[in-house]
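K.L.:
For reference, the file upload-v4.csv (CSV, C-alpha atoms and all ligand atoms) is included below:
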```csv
chain,number,residue,atom,x,y,z
A,94,MET,CA,-11.8,-5.9,39.0
A,95,ARG,CA,-9.6,-9.0,38.4
A,96,LYS,CA,-11.6,-12.2,38.1
A,97,LYS,CA,-11.0,-14.6,41.0
A,98,LYS,CA,-8.9,-17.6,39.9
A,99,LEU,CA,-10.8,-20.9,40.0
A,100,LYS,CA,-9.3,-23.5,42.4
A,101,VAL,CA,-8.6,-26.8,40.5
A,102,PHE,CA,-7.5,-30.0,42.2
A,103,ILE,CA,-5.9,-32.8,40.1
A,104,ALA,CA,-6.2,-36.1,41.8
A,105,GLY,CA,-3.5,-38.4,40.3
A,106,HIS,CA,-1.2,-35.7,38.9
A,107,LYS,CA,1.7,-38.2,38.7
A,108,GLY,CA,-0.2,-40.6,36.5
A,109,MET,CA,0.0,-40.4,32.7
A,110,LEU,CA,-3.4,-38.6,32.2
A,111,GLY,CA,-3.2,-36.5,35.3
A,112,ALA,CA,0.3,-35.2,34.4
A,113,ALA,CA,-0.9,-34.4,30.9
A,114,ILE,CA,-3.9,-32.5,32.2
A,115,LEU,CA,-1.7,-30.6,34.7
A,116,LYS,CA,0.8,-29.7,32.0
A,117,LYS,CA,-2.0,-28.2,29.9
A,118,LEU,CA,-3.8,-26.4,32.8
A,119,LYS,CA,-0.5,-24.8,33.8
A,120,LYS,CA,-0.6,-22.9,30.5
A,121,LYS,CA,-3.9,-21.3,31.4
A,122,LYS,CA,-4.1,-18.2,33.4
A,123,ASN,CA,-7.4,-18.4,35.2
A,124,PHE,CA,-6.7,-21.5,37.4
A,125,LYS,CA,-5.0,-21.9,40.8
A,126,LEU,CA,-3.8,-25.5,40.6
A,127,PHE,CA,-3.6,-27.9,43.5
A,128,TYR,CA,-2.0,-31.4,43.6
A,129,GLU,CA,-0.4,-33.5,46.4
A,130,SER,CA,2.0,-36.4,46.7
A,131,LYS,CA,0.6,-39.7,48.0
A,132,LYS,CA,2.7,-39.1,51.1
A,133,LYS,CA,1.0,-35.8,51.9
A,134,LEU,CA,-2.5,-36.9,50.8
A,135,ASP,CA,-3.5,-40.6,50.8
A,136,LEU,CA,-6.7,-40.7,48.6
A,137,LEU,CA,-7.5,-44.1,50.2
A,138,ASN,CA,-7.9,-42.4,53.5
A,139,GLN,CA,-11.4,-40.8,53.7
A,140,LYS,CA,-10.6,-38.6,56.7
A,141,GLN,CA,-7.5,-37.1,55.0
A,142,VAL,CA,-9.5,-36.5,51.8
A,143,ASP,CA,-12.4,-34.8,53.6
A,144,THR,CA,-10.1,-32.6,55.7
A,145,TYR,CA,-8.1,-31.5,52.6
A,146,PHE,CA,-11.3,-30.8,50.5
A,147,LEU,CA,-13.1,-28.9,53.3
A,148,LYS,CA,-10.0,-26.8,53.9
A,149,ASN,CA,-9.4,-25.9,50.2
A,150,LYS,CA,-13.0,-25.9,48.8
A,151,PHE,CA,-12.0,-26.5,45.2
A,152,ASP,CA,-14.2,-25.3,42.3
A,153,ILE,CA,-13.1,-28.0,39.8
A,154,ILE,CA,-11.8,-31.5,40.4
A,155,TYR,CA,-10.1,-33.8,37.8
A,156,LEU,CA,-10.3,-37.4,39.3
A,157,CYS,CA,-7.5,-39.0,37.4
A,158,ALA,CA,-6.2,-41.0,40.3
A,159,ALA,CA,-6.7,-44.8,39.9
A,160,ARG,CA,-5.1,-48.2,40.1
A,161,VAL,CA,-4.4,-48.9,36.4
A,162,GLY,CA,-2.6,-51.5,34.4
A,163,GLY,CA,-2.9,-53.9,31.4
A,164,ILE,CA,-4.5,-57.2,31.0
A,165,TRP,CA,-1.9,-59.2,33.0
A,166,ALA,CA,-1.9,-56.7,35.9
A,167,ASN,CA,-5.6,-57.0,36.1
A,168,LYS,CA,-5.3,-60.8,36.2
A,169,ILE,CA,-2.7,-60.9,39.1
A,170,TYR,CA,-4.1,-58.0,41.2
A,171,PRO,CA,-7.9,-58.1,41.0
A,172,ALA,CA,-8.4,-57.2,44.7
A,173,ASN,CA,-6.1,-54.1,44.3
A,174,PHE,CA,-7.9,-53.0,41.2
A,175,ILE,CA,-11.4,-53.2,42.7
A,176,TYR,CA,-10.6,-52.0,46.2
A,177,GLU,CA,-8.3,-49.1,45.4
A,178,ASN,CA,-10.5,-47.7,42.5
A,179,LEU,CA,-13.7,-48.0,44.5
A,180,THR,CA,-12.1,-46.4,47.6
A,181,ILE,CA,-10.4,-43.5,45.8
A,182,GLN,CA,-13.4,-42.5,43.7
A,183,THR,CA,-15.8,-42.8,46.7
A,184,ASN,CA,-13.6,-40.7,48.9
A,185,VAL,CA,-13.0,-38.0,46.3
A,186,ILE,CA,-16.6,-37.8,44.9
A,187,ASN,CA,-18.2,-37.7,48.3
A,188,ALA,CA,-15.7,-35.0,49.5
A,189,ALA,CA,-16.3,-33.0,46.3
A,190,TYR,CA,-20.0,-33.0,47.2
A,191,LYS,CA,-19.4,-32.2,50.9
A,192,SER,CA,-17.1,-29.3,50.0
A,193,LYS,CA,-19.5,-28.0,47.4
A,194,ALA,CA,-17.2,-28.3,44.4
A,195,SER,CA,-18.9,-26.9,41.3
A,196,LYS,CA,-17.8,-29.7,39.0
A,197,LEU,CA,-15.8,-32.9,38.9
A,198,LEU,CA,-14.6,-35.1,36.0
A,199,PHE,CA,-14.4,-38.9,36.6
A,200,ILE,CA,-12.2,-40.9,34.2
A,201,GLY,CA,-13.2,-44.4,33.3
A,202,SER,CA,-12.4,-46.8,30.5
A,203,THR,CA,-14.3,-48.6,27.7
A,204,CYS,CA,-13.7,-51.9,29.4
A,205,ILE,CA,-16.9,-51.1,31.3
A,206,TYR,CA,-18.8,-52.4,28.2
A,207,PRO,CA,-19.8,-56.1,27.8
A,208,LYS,CA,-17.4,-58.6,26.4
A,209,HIS,CA,-19.6,-59.4,23.4
A,210,CYS,CA,-21.2,-56.2,22.3
A,211,LYS,CA,-22.2,-54.5,19.1
A,212,GLN,CA,-19.5,-52.2,17.8
A,213,PRO,CA,-18.7,-49.3,17.9
A,214,LEU,CA,-19.7,-49.2,21.6
A,215,LYS,CA,-22.5,-46.8,22.4
A,216,GLU,CA,-23.0,-45.4,25.9
A,217,GLU,CA,-26.4,-47.1,26.1
A,218,TYR,CA,-24.8,-50.6,25.8
A,219,LEU,CA,-23.5,-50.3,29.4
A,220,LEU,CA,-24.7,-53.2,31.5
A,221,SER,CA,-26.5,-54.9,28.6
A,222,SER,CA,-24.6,-58.2,29.1
A,223,LYS,CA,-21.7,-59.9,30.8
A,224,LEU,CA,-18.4,-58.2,31.3
A,225,GLU,CA,-15.0,-59.4,30.0
A,226,GLU,CA,-13.5,-61.6,32.7
A,227,SER,CA,-9.9,-60.4,32.5
A,228,ASN,CA,-10.8,-56.9,33.9
A,229,GLU,CA,-14.2,-57.4,35.5
A,230,PRO,CA,-13.1,-56.1,39.0
A,231,TYR,CA,-11.7,-52.9,37.4
A,232,ALA,CA,-14.8,-52.5,35.1
A,233,ILE,CA,-17.2,-52.9,38.1
A,234,ALA,CA,-15.3,-50.3,40.0
A,235,LYS,CA,-15.5,-47.8,37.1
A,236,ILE,CA,-19.2,-48.6,36.5
A,237,ALA,CA,-19.7,-47.8,40.2
A,238,GLY,CA,-17.9,-44.5,39.7
A,239,ILE,CA,-20.3,-43.5,37.0
A,240,LYS,CA,-23.2,-44.5,39.2
A,241,LEU,CA,-21.8,-42.5,42.1
A,242,CYS,CA,-21.5,-39.4,39.9
A,243,GLU,CA,-25.0,-39.9,38.5
A,244,SER,CA,-26.6,-40.5,42.0
A,245,TYR,CA,-25.0,-37.4,43.5
A,246,ASN,CA,-26.1,-35.3,40.4
A,247,ARG,CA,-29.7,-36.7,40.8
A,248,GLN,CA,-29.9,-36.3,44.6
A,249,TYR,CA,-27.8,-33.1,45.2
A,250,GLN,CA,-27.8,-31.4,41.7
A,251,THR,CA,-24.0,-31.7,41.5
A,252,ASP,CA,-22.2,-31.4,38.2
A,253,PHE,CA,-20.1,-34.6,38.3
A,254,ARG,CA,-19.2,-35.7,34.7
A,255,SER,CA,-17.9,-39.2,33.6
A,256,VAL,CA,-15.8,-39.8,30.5
A,257,MET,CA,-14.9,-43.3,29.3
A,258,ALA,CA,-11.6,-43.5,27.4
A,259,PRO,CA,-10.2,-46.2,25.2
A,260,ASN,CA,-6.7,-47.6,25.8
A,261,MET,CA,-4.5,-44.6,26.4
A,262,TYR,CA,-0.8,-44.4,25.8
A,263,GLY,CA,2.0,-41.8,25.5
A,264,GLU,CA,4.5,-39.8,27.7
A,265,GLY,CA,4.4,-40.8,31.3
A,266,ASP,CA,3.1,-44.3,30.6
A,267,SER,CA,4.6,-47.3,32.5
A,268,PHE,CA,6.8,-49.6,30.4
A,269,ASP,CA,6.8,-52.4,32.9
A,270,ALA,CA,6.9,-55.7,30.9
A,271,GLU,CA,4.3,-57.4,33.0
A,272,LYS,CA,2.0,-54.7,34.3
A,273,SER,CA,1.8,-52.2,31.5
A,274,HIS,CA,-0.7,-51.7,28.7
A,275,VAL,CA,0.0,-53.2,25.3
A,276,ILE,CA,1.6,-50.2,23.4
A,277,SER,CA,4.1,-49.3,26.2
A,278,GLY,CA,4.7,-53.0,27.0
A,279,LEU,CA,5.5,-53.8,23.4
A,280,ILE,CA,7.8,-50.8,22.9
A,281,GLY,CA,10.0,-52.1,25.7
A,282,LYS,CA,9.9,-55.7,24.5
A,283,ILE,CA,10.6,-54.9,20.9
A,284,TYR,CA,13.3,-52.5,21.7
A,285,ASN,CA,15.1,-55.1,23.8
A,286,ALA,CA,14.6,-57.8,21.2
A,287,LYS,CA,16.3,-55.5,18.6
A,288,LYS,CA,19.1,-54.6,21.0
A,289,LYS,CA,19.8,-58.2,21.9
A,290,LYS,CA,19.4,-59.2,18.2
A,291,LEU,CA,16.8,-61.8,19.1
A,292,LYS,CA,15.7,-63.9,16.0
A,293,LYS,CA,12.2,-64.0,17.3
A,294,LEU,CA,9.9,-62.4,19.8
A,295,SER,CA,6.6,-63.7,21.3
A,296,VAL,CA,3.8,-61.4,22.1
A,297,TRP,CA,0.6,-62.2,24.2
A,298,GLY,CA,-2.6,-63.6,22.9
A,299,THR,CA,-3.7,-64.4,19.3
A,300,GLY,CA,-3.2,-60.9,17.9
A,301,LYS,CA,-6.8,-60.9,16.8
A,302,PRO,CA,-8.4,-58.5,19.3
A,303,ILE,CA,-9.2,-55.0,18.1
A,304,ARG,CA,-8.3,-52.0,20.2
A,305,GLU,CA,-8.8,-48.2,19.9
A,306,PHE,CA,-5.8,-46.2,21.2
A,307,LEU,CA,-6.0,-42.5,22.3
A,308,TYR,CA,-2.7,-40.5,22.7
A,309,VAL,CA,-2.6,-39.1,26.2
A,310,ASP,CA,-2.2,-35.5,25.1
A,311,ASP,CA,-5.4,-35.7,23.1
A,312,ALA,CA,-7.1,-37.4,26.0
A,313,ALA,CA,-6.1,-34.5,28.3
A,314,ASP,CA,-7.3,-31.9,25.7
A,315,ILE,CA,-10.6,-33.7,25.4
A,316,CYS,CA,-11.1,-33.9,29.2
A,317,ILE,CA,-10.4,-30.1,29.6
A,318,LYS,CA,-12.8,-29.3,26.7
A,319,VAL,CA,-15.5,-31.5,28.2
A,320,MET,CA,-15.1,-29.7,31.5
A,321,ASN,CA,-15.5,-26.3,29.7
A,322,ILE,CA,-18.9,-27.3,28.3
A,323,ARG,CA,-21.7,-25.4,30.1
A,324,LYS,CA,-23.6,-27.6,32.7
A,325,GLU,CA,-26.9,-27.4,30.8
A,326,ILE,CA,-25.3,-28.4,27.5
A,327,PHE,CA,-23.4,-31.3,28.9
A,328,HIS,CA,-26.4,-32.7,30.9
A,329,LYS,CA,-28.7,-32.3,27.9
A,330,LEU,CA,-26.3,-34.5,25.8
A,331,VAL,CA,-26.3,-37.3,28.4
A,332,LYS,CA,-29.2,-38.7,30.5
A,333,PRO,CA,-29.6,-38.6,34.3
A,334,ASN,CA,-29.2,-42.4,34.6
A,335,LEU,CA,-26.9,-42.8,31.6
A,336,SER,CA,-24.5,-39.9,32.3
A,337,HIS,CA,-21.2,-41.1,30.9
A,338,LEU,CA,-19.6,-39.9,27.7
A,339,ASN,CA,-17.3,-41.9,25.4
A,340,ILE,CA,-14.1,-40.1,24.4
A,341,GLY,CA,-11.6,-41.3,21.8
A,342,ASN,CA,-11.1,-41.3,18.0
A,343,GLY,CA,-13.3,-44.3,17.1
A,344,ILE,CA,-10.5,-46.0,15.2
A,345,GLY,CA,-9.7,-49.7,15.8
A,346,ILE,CA,-6.6,-51.7,14.9
A,347,SER,CA,-5.9,-55.4,15.5
A,348,ILE,CA,-3.1,-56.2,18.0
A,349,LYS,CA,-1.3,-58.1,15.2
A,350,ASN,CA,-1.2,-55.0,13.0
A,351,LEU,CA,-0.3,-52.9,16.0
A,352,VAL,CA,2.7,-55.2,16.7
A,353,PHE,CA,3.9,-54.8,13.1
A,354,LEU,CA,3.5,-51.0,13.3
A,355,ILE,CA,5.6,-50.8,16.4
A,356,LYS,CA,8.1,-53.3,15.0
A,357,ASN,CA,8.6,-51.2,11.9
A,358,ILE,CA,8.9,-47.9,13.9
A,359,ILE,CA,11.6,-49.5,16.1
A,360,GLY,CA,13.3,-51.3,13.2
A,361,TYR,CA,13.2,-54.8,14.6
A,362,ASP,CA,13.4,-57.5,11.9
A,363,GLY,CA,12.9,-60.6,14.0
A,364,GLN,CA,10.0,-63.0,13.7
A,365,ILE,CA,6.9,-62.4,15.8
A,366,ASN,CA,5.1,-65.3,17.5
A,367,PHE,CA,1.7,-65.1,19.2
A,368,ASP,CA,1.7,-66.8,22.7
A,369,THR,CA,-1.9,-68.0,23.1
A,370,SER,CA,-1.2,-69.1,26.7
A,371,TYR,CA,-1.9,-65.3,27.4
A,372,PRO,CA,-5.4,-64.0,27.4
A,373,ASP,CA,-6.8,-61.8,24.6
A,374,GLY,CA,-9.3,-59.9,26.7
A,375,HIS,CA,-12.1,-58.1,25.0
A,376,PRO,CA,-12.5,-59.3,21.4
A,377,LYS,CA,-13.1,-55.8,20.3
A,378,LYS,CA,-13.2,-52.4,22.1
A,379,VAL,CA,-13.9,-49.4,19.8
A,380,ALA,CA,-16.1,-46.6,21.1
A,381,ASN,CA,-18.9,-44.8,19.3
A,382,ILE,CA,-17.9,-41.1,19.8
A,383,LYS,CA,-20.9,-39.5,18.1
A,384,LYS,CA,-22.0,-37.6,21.2
A,385,LEU,CA,-18.4,-36.3,21.7
A,386,THR,CA,-18.3,-35.2,18.1
A,387,THR,CA,-21.6,-33.2,18.5
A,388,LEU,CA,-19.6,-31.1,21.0
A,389,GLY,CA,-17.1,-30.4,18.2
A,390,ILE,CA,-14.4,-32.2,20.1
A,391,LYS,CA,-11.9,-34.5,18.4
A,392,SER,CA,-8.5,-36.0,18.8
A,393,LYS,CA,-5.7,-35.2,16.4
A,394,THR,CA,-2.7,-37.5,16.9
A,395,THR,CA,-2.4,-40.5,14.5
A,396,LEU,CA,-1.4,-43.8,15.9
A,397,ASP,CA,1.8,-43.8,13.9
A,398,LYS,CA,2.8,-40.4,15.2
A,399,GLY,CA,1.7,-41.2,18.8
A,400,ILE,CA,3.8,-44.4,18.9
A,401,LYS,CA,6.8,-42.5,17.5
A,402,LYS,CA,6.5,-39.8,20.3
A,403,THR,CA,6.0,-42.5,22.9
A,404,TYR,CA,9.1,-44.4,21.7
A,405,ASP,CA,11.1,-41.2,21.8
A,406,PHE,CA,9.9,-40.7,25.4
A,407,TYR,CA,10.9,-44.3,26.2
A,408,LEU,CA,14.4,-43.8,24.8
A,409,LYS,CA,14.9,-40.4,26.6
A,410,GLN,CA,13.8,-42.0,29.9
A,411,LYS,CA,16.1,-45.0,29.4
A,412,PHE,CA,19.2,-42.9,28.7
A,413,LYS,CA,18.6,-39.9,30.9
B,501,LIG,O1,-3.5,-53.2,26.7
B,501,LIG,P1,-3.9,-54.5,27.3
B,501,LIG,O2,-3.0,-55.0,28.4
B,501,LIG,O3,-5.3,-54.5,27.9
B,501,LIG,O4,-3.9,-55.7,26.2
B,501,LIG,P2,-6.8,-54.6,27.4
B,501,LIG,C1,-4.5,-55.4,24.9
B,501,LIG,C2,-4.2,-56.7,24.1
B,501,LIG,O5,-2.8,-56.7,23.7
B,501,LIG,C3,-4.5,-58.0,24.7
B,501,LIG,C4,-2.3,-58.0,23.9
B,501,LIG,O6,-5.1,-58.8,23.8
B,501,LIG,C5,-3.1,-58.5,25.1
B,501,LIG,O7,-3.1,-60.0,25.1
B,501,LIG,N1,-0.9,-58.0,24.1
B,501,LIG,C6,0.1,-58.5,23.3
B,501,LIG,C7,-0.3,-57.4,25.2
B,501,LIG,N2,1.3,-58.3,23.8
B,501,LIG,C8,1.1,-57.6,25.0
B,501,LIG,C9,2.0,-57.1,25.9
B,501,LIG,O8,3.2,-57.2,25.8
B,501,LIG,N3,1.5,-56.4,27.0
B,501,LIG,C10,0.1,-56.2,27.1
B,501,LIG,N4,-0.3,-55.5,28.2
B,501,LIG,N5,-0.8,-56.7,26.2
B,501,LIG,C11,-7.2,-53.2,29.6
B,501,LIG,C12,-7.8,-53.5,30.9
B,501,LIG,O9,-7.6,-54.3,28.8
B,501,LIG,O10,-7.7,-52.0,29.0
B,501,LIG,C13,-7.5,-52.3,31.8
B,501,LIG,O11,-7.2,-54.7,31.5
B,501,LIG,C14,-8.0,-51.0,31.2
B,501,LIG,O12,-8.2,-52.5,33.1
B,501,LIG,C15,-7.4,-50.9,29.8
B,501,LIG,O13,-9.4,-51.1,31.0
B,501,LIG,C16,-7.8,-49.6,29.1
B,501,LIG,O14,-7.1,-53.6,26.4
B,501,LIG,O15,-7.1,-56.0,27.0
```
Will you turn the file into structure tokens for me?
Ligand code: GFB

P.N.:
Amino acid sequence: MRKKKLKVFIAGHKGMLGAAILKKLKKKKNFKLFYESKKKLDLLNQKQVDTYFLKNKFDIIYLCAARVGGIWANKIYPANFIYENLTIQTNVINAAYKSKASKLLFIGSTCIYPKHCKQPLKEEYLLSSKLEESNEPYAIAKIAGIKLCESYNRQYQTDFRSVMAPNMYGEGDSFDAEKSHVISGLIGKIYNAKKKKLKKLSVWGTGKPIREFLYVDDAADICIKVMNIRKEIFHKLVKPNLSHLNIGNGIGISIKNLVFLIKNIIGYDGQINFDTSYPDGHPKKVANIKKLTTLGIKSKTTLDKGIKKTYDFYLKQKFK
């Protein structure tokens, strides 16, 4: 007797991570995949989400939909970041419970950790002190998402899992100069500086902050593997009121060294200046991934290789 296919919904399938997860799940046989355009399903509309979930009764949900952006986007759109993320996650998590989904994965970011915090960041450092101002609204929303999953698990015995990713980059990223994250933002800026033969280029901040970068295909792989872990194993690894899991590679690099890495890959020989009128954000954000490693899950793409792949994608997109 053929095994019934599991019904999987990917919320945010057009986003960088959602698209990468969809691409990987399409290669697997035992899933019936569901995903909808914003026009057909507005995740900000609770009634639409409830109707859609109760009609389809998904087994598994990947909650990748979110309002995302880099440090400057967070600075200019704080209301969008907190409202849209709180609303989307509340609608989807509550509908997942009401429609009896067997499991859900909630995606957050390591910006949930305090501004000044021992490194590498352990899951238990959450809420141990003040957040970084530049992305506090987004971080509060993501912390609320973790607590939503936790509270439903404790009250209704659901299996809602939360993973906290470092800065992700790769195919499908936004290259918008103002709103993007650092790697995609710099690829666009450095490429244009080279093309225009600019003698110098200024980048944001002091260059001193340290960041961990996870290539999006590795992030997708890790998310799928975390969802394949048996319920009792996953919930033994985390605690009922500390239920999130750091994902990443645990490797940090300074923004200054990152800039020179991208500059060399693109072959730009102009001078780099650091414009300190822009914010630095977290002084350092590198995750402790010990728990993830105990699951035998790790990432494989080096930063150098990941940036080269992202640059290739940027060029392909530019000249398609
Ligand atoms: O990636 P990013 O925008 O966000 O910036 P965060 C990382 C660092 O790169 C900051 C510097 O110190 C920036 O000042 N930087 C230098 C640049 N040049 C650029 C540039 O051209 N573009 C950008 N974007 N940065 C984000 C949060 O914080 O991390 C998000 O704001 C999310 O909400 C994300 O949590 C994962 O790493 O500082």

K.L.:
Restricting the calculation to only C-alpha atoms and all ligand atoms: of A:Asp397, A:Glu305, A:Asp362, A:Glu129, which residue gets closest to ligand LIG 501 (chain B)?

P.N.:
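Between A:Asp397, A:Glu305, A:Asp362, A:Glu129, the residue approaching ligand LIG 501 (chain B) most closely is A:Glu305.
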
K.L.:
Hey, which bits of chain A sit within 6 Å of ligand LIG 501 (chain B), and for each residue what's the closest pair of atoms and how far apart in Å (one decimal), counting only C-alpha atoms and all ligand atoms, rows by chain and increasing number, as JSON lines?

P.N.:
```
{"residue": "A:Gly162", "atom": "CA", "partner": "B:LIG501", "partner_atom": "C13", "distance": 5.6}
{"residue": "A:Gly163", "atom": "CA", "partner": "B:LIG501", "partner_atom": "O2", "distance": 3.2}
{"residue": "A:Ile164", "atom": "CA", "partner": "B:LIG501", "partner_atom": "O11", "distance": 3.7}
{"residue": "A:Asn167", "atom": "CA", "partner": "B:LIG501", "partner_atom": "O11", "distance": 5.4}
{"residue": "A:Ser202", "atom": "CA", "partner": "B:LIG501", "partner_atom": "O13", "distance": 5.3}
{"residue": "A:Cys204", "atom": "CA", "partner": "B:LIG501", "partner_atom": "O13", "distance": 4.7}
{"residue": "A:Asn228", "atom": "CA", "partner": "B:LIG501", "partner_atom": "O11", "distance": 4.9}
{"residue": "A:Tyr231", "atom": "CA", "partner": "B:LIG501", "partner_atom": "O12", "distance": 5.6}
{"residue": "A:Pro259", "atom": "CA", "partner": "B:LIG501", "partner_atom": "C16", "distance": 5.7}
{"residue": "A:Asn260", "atom": "CA", "partner": "B:LIG501", "partner_atom": "C16", "distance": 4.0}
{"residue": "A:Ser273", "atom": "CA", "partner": "B:LIG501", "partner_atom": "N4", "distance": 5.1}
{"residue": "A:His274", "atom": "CA", "partner": "B:LIG501", "partner_atom": "O1", "distance": 3.8}
{"residue": "A:Val275", "atom": "CA", "partner": "B:LIG501", "partner_atom": "C10", "distance": 3.5}
{"residue": "A:Gly278", "atom": "CA", "partner": "B:LIG501", "partner_atom": "O8", "distance": 4.6}
{"residue": "A:Leu279", "atom": "CA", "partner": "B:LIG501", "partner_atom": "O8", "distance": 4.8}
{"residue": "A:Val296", "atom": "CA", "partner": "B:LIG501", "partner_atom": "N2", "distance": 4.3}
{"residue": "A:Trp297", "atom": "CA", "partner": "B:LIG501", "partner_atom": "C6", "distance": 3.8}
{"residue": "A:Gly298", "atom": "CA", "partner": "B:LIG501", "partner_atom": "O7", "distance": 4.2}
{"residue": "A:Pro302", "atom": "CA", "partner": "B:LIG501", "partner_atom": "O6", "distance": 5.6}
{"residue": "A:Ile348", "atom": "CA", "partner": "B:LIG501", "partner_atom": "O5", "distance": 5.7}
{"residue": "A:Tyr371", "atom": "CA", "partner": "B:LIG501", "partner_atom": "O7", "distance": 5.9}
{"residue": "A:Pro372", "atom": "CA", "partner": "B:LIG501", "partner_atom": "O7", "distance": 5.2}
{"residue": "A:Asp373", "atom": "CA", "partner": "B:LIG501", "partner_atom": "O6", "distance": 3.5}
{"residue": "A:Gly374", "atom": "CA", "partner": "B:LIG501", "partner_atom": "O15", "distance": 4.5}
{"residue": "A:His375", "atom": "CA", "partner": "B:LIG501", "partner_atom": "O15", "distance": 5.8}
```

K.L.:
List as a VMD selection string the protein and nucleic acid residues near segment 144-146 of chain A, meaning an atom at most 12 Å away when all atoms listed in the file are counted, but skip any in the same chain fewer than 2 places from it.

P.N.:
chain A and resid 100 to 104 127 to 129 133 to 136 138 to 142 148 to 154 184 to 194

K.L.:
With C-alpha atoms retained, could you export that selection as a CSV table (one decimal), keeping the file's coordinate frame?

P.N.:
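Output below, filename result17.csv:
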```
chain,number,residue,atom,x,y,z
A,100,LYS,CA,-9.3,-23.5,42.4
A,101,VAL,CA,-8.6,-26.8,40.5
A,102,PHE,CA,-7.5,-30.0,42.2
A,103,ILE,CA,-5.9,-32.8,40.1
A,104,ALA,CA,-6.2,-36.1,41.8
A,127,PHE,CA,-3.6,-27.9,43.5
A,128,TYR,CA,-2.0,-31.4,43.6
A,129,GLU,CA,-0.4,-33.5,46.4
A,133,LYS,CA,1.0,-35.8,51.9
A,134,LEU,CA,-2.5,-36.9,50.8
A,135,ASP,CA,-3.5,-40.6,50.8
A,136,LEU,CA,-6.7,-40.7,48.6
A,138,ASN,CA,-7.9,-42.4,53.5
A,139,GLN,CA,-11.4,-40.8,53.7
A,140,LYS,CA,-10.6,-38.6,56.7
A,141,GLN,CA,-7.5,-37.1,55.0
A,142,VAL,CA,-9.5,-36.5,51.8
A,148,LYS,CA,-10.0,-26.8,53.9
A,149,ASN,CA,-9.4,-25.9,50.2
A,150,LYS,CA,-13.0,-25.9,48.8
A,151,PHE,CA,-12.0,-26.5,45.2
A,152,ASP,CA,-14.2,-25.3,42.3
A,153,ILE,CA,-13.1,-28.0,39.8
A,154,ILE,CA,-11.8,-31.5,40.4
A,184,ASN,CA,-13.6,-40.7,48.9
A,185,VAL,CA,-13.0,-38.0,46.3
A,186,ILE,CA,-16.6,-37.8,44.9
A,187,ASN,CA,-18.2,-37.7,48.3
A,188,ALA,CA,-15.7,-35.0,49.5
A,189,ALA,CA,-16.3,-33.0,46.3
A,190,TYR,CA,-20.0,-33.0,47.2
A,191,LYS,CA,-19.4,-32.2,50.9
A,192,SER,CA,-17.1,-29.3,50.0
A,193,LYS,CA,-19.5,-28.0,47.4
A,194,ALA,CA,-17.2,-28.3,44.4
```

K.L.:
One decimal, in Å: what's the spacing between atom CA of Lys107 of chain A and atom CA of Ala234 of chain A?

P.N.:
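Interatomic distance, atom CA of Lys107 of chain A to atom CA of Ala234 of chain A: 20.9 Å.
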
K.L.:
Rank nothing, just name the residue among A:Ile169, A:Ile317, A:Val379, A:Ile365 nearest to Lys292 of chain A, using all atoms listed in the file.

P.N.:
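Selected residue with least distance to Lys292 of chain A: A:Ile365.
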
K.L.:
Which of these residues is nearest to Glu264 of chain A, using all atoms listed in the file: A:Gly105, A:Gly300, A:Gly399, A:Gly343?

P.N.:
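For Glu264 of chain A, the nearest of the candidates is A:Gly399.
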
K.L.:
Give, as JSON, the centre coordinates and the x, y and z edge lengths in Å to one decimal for an axis-aligned box around all listed atoms of segment 286-301 of chain A, padded by 6 Å on each side.

P.N.:
```
{"center_x": 6.5, "center_y": -59.5, "center_z": 20.1, "size_x": 38.6, "size_y": 21.8, "size_z": 20.2}
```

K.L.:
Just checking: using all atoms listed in the file, which residue out of A:Asn350, A:Asn342, A:Asn381, A:Ser392 ends up closest to Asp314 of chain A?

P.N.:
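Counting all atoms listed in the file, the residue closest to Asp314 of chain A is A:Ser392.
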
K.L.:
In Å, rounded to a single decimal, give me how far atom CA of Ala258 of chain A is from atom CA of Glu216 of chain A.

P.N.:
11.7 Å

K.L.:
If I take atom CA of Ile344 of chain A and atom CA of Thr395 of chain A, how far is one from the other in Å, to one decimal?

P.N.:
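Computing the Euclidean distance for atom CA of Ile344 of chain A and atom CA of Thr395 of chain A yields 9.8 Å.
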
K.L.:
Counting all atoms listed in the file, find residues at most 6 Å from (-23.3, -30.6, 40.7) (file frame) and give them as a PyMOL selection string.

P.N.:
chain A and resi 195-196+246+250-253

K.L.:
Take the residues from that selection and put them in a file with C-alpha atoms, as a PDB file, in the coordinates of the input.

P.N.:
```pdb
ATOM      1  CA  SER A 195     -18.900 -26.900  41.300  1.00  0.00           C
ATOM      2  CA  LYS A 196     -17.800 -29.700  39.000  1.00  0.00           C
ATOM      3  CA  ASN A 246     -26.100 -35.300  40.400  1.00  0.00           C
ATOM      4  CA  GLN A 250     -27.800 -31.400  41.700  1.00  0.00           C
ATOM      5  CA  THR A 251     -24.000 -31.700  41.500  1.00  0.00           C
ATOM      6  CA  ASP A 252     -22.200 -31.400  38.200  1.00  0.00           C
ATOM      7  CA  PHE A 253     -20.100 -34.600  38.300  1.00  0.00           C
TER       8      PHE A 253
END
```

K.L.:
Taking the point (-19.5, -48.5, 40.4) as given in the file, collect each protein or nucleic acid residue that comes within 12 Å of it, counting only C-alpha atoms, and present the set as an MDAnalysis selection string.

P.N.:
chainID A and resid 175:176 178:183 186 199 201 205 219:220 229:244 255

K.L.:
Would you pick out the contacts of Gly360 of chain A at 12 Å or less, using all atoms listed in the file, so that residues sharing its chain but fewer than 6 positions from it are not included, and give the list as a list in words?

P.N.:
Ile280, Ile283, Tyr284, Asn285, Ala286, Lys287, Lys288, Lys290, Val352, Phe353, Leu354, Lys401 and Tyr404 of chain A
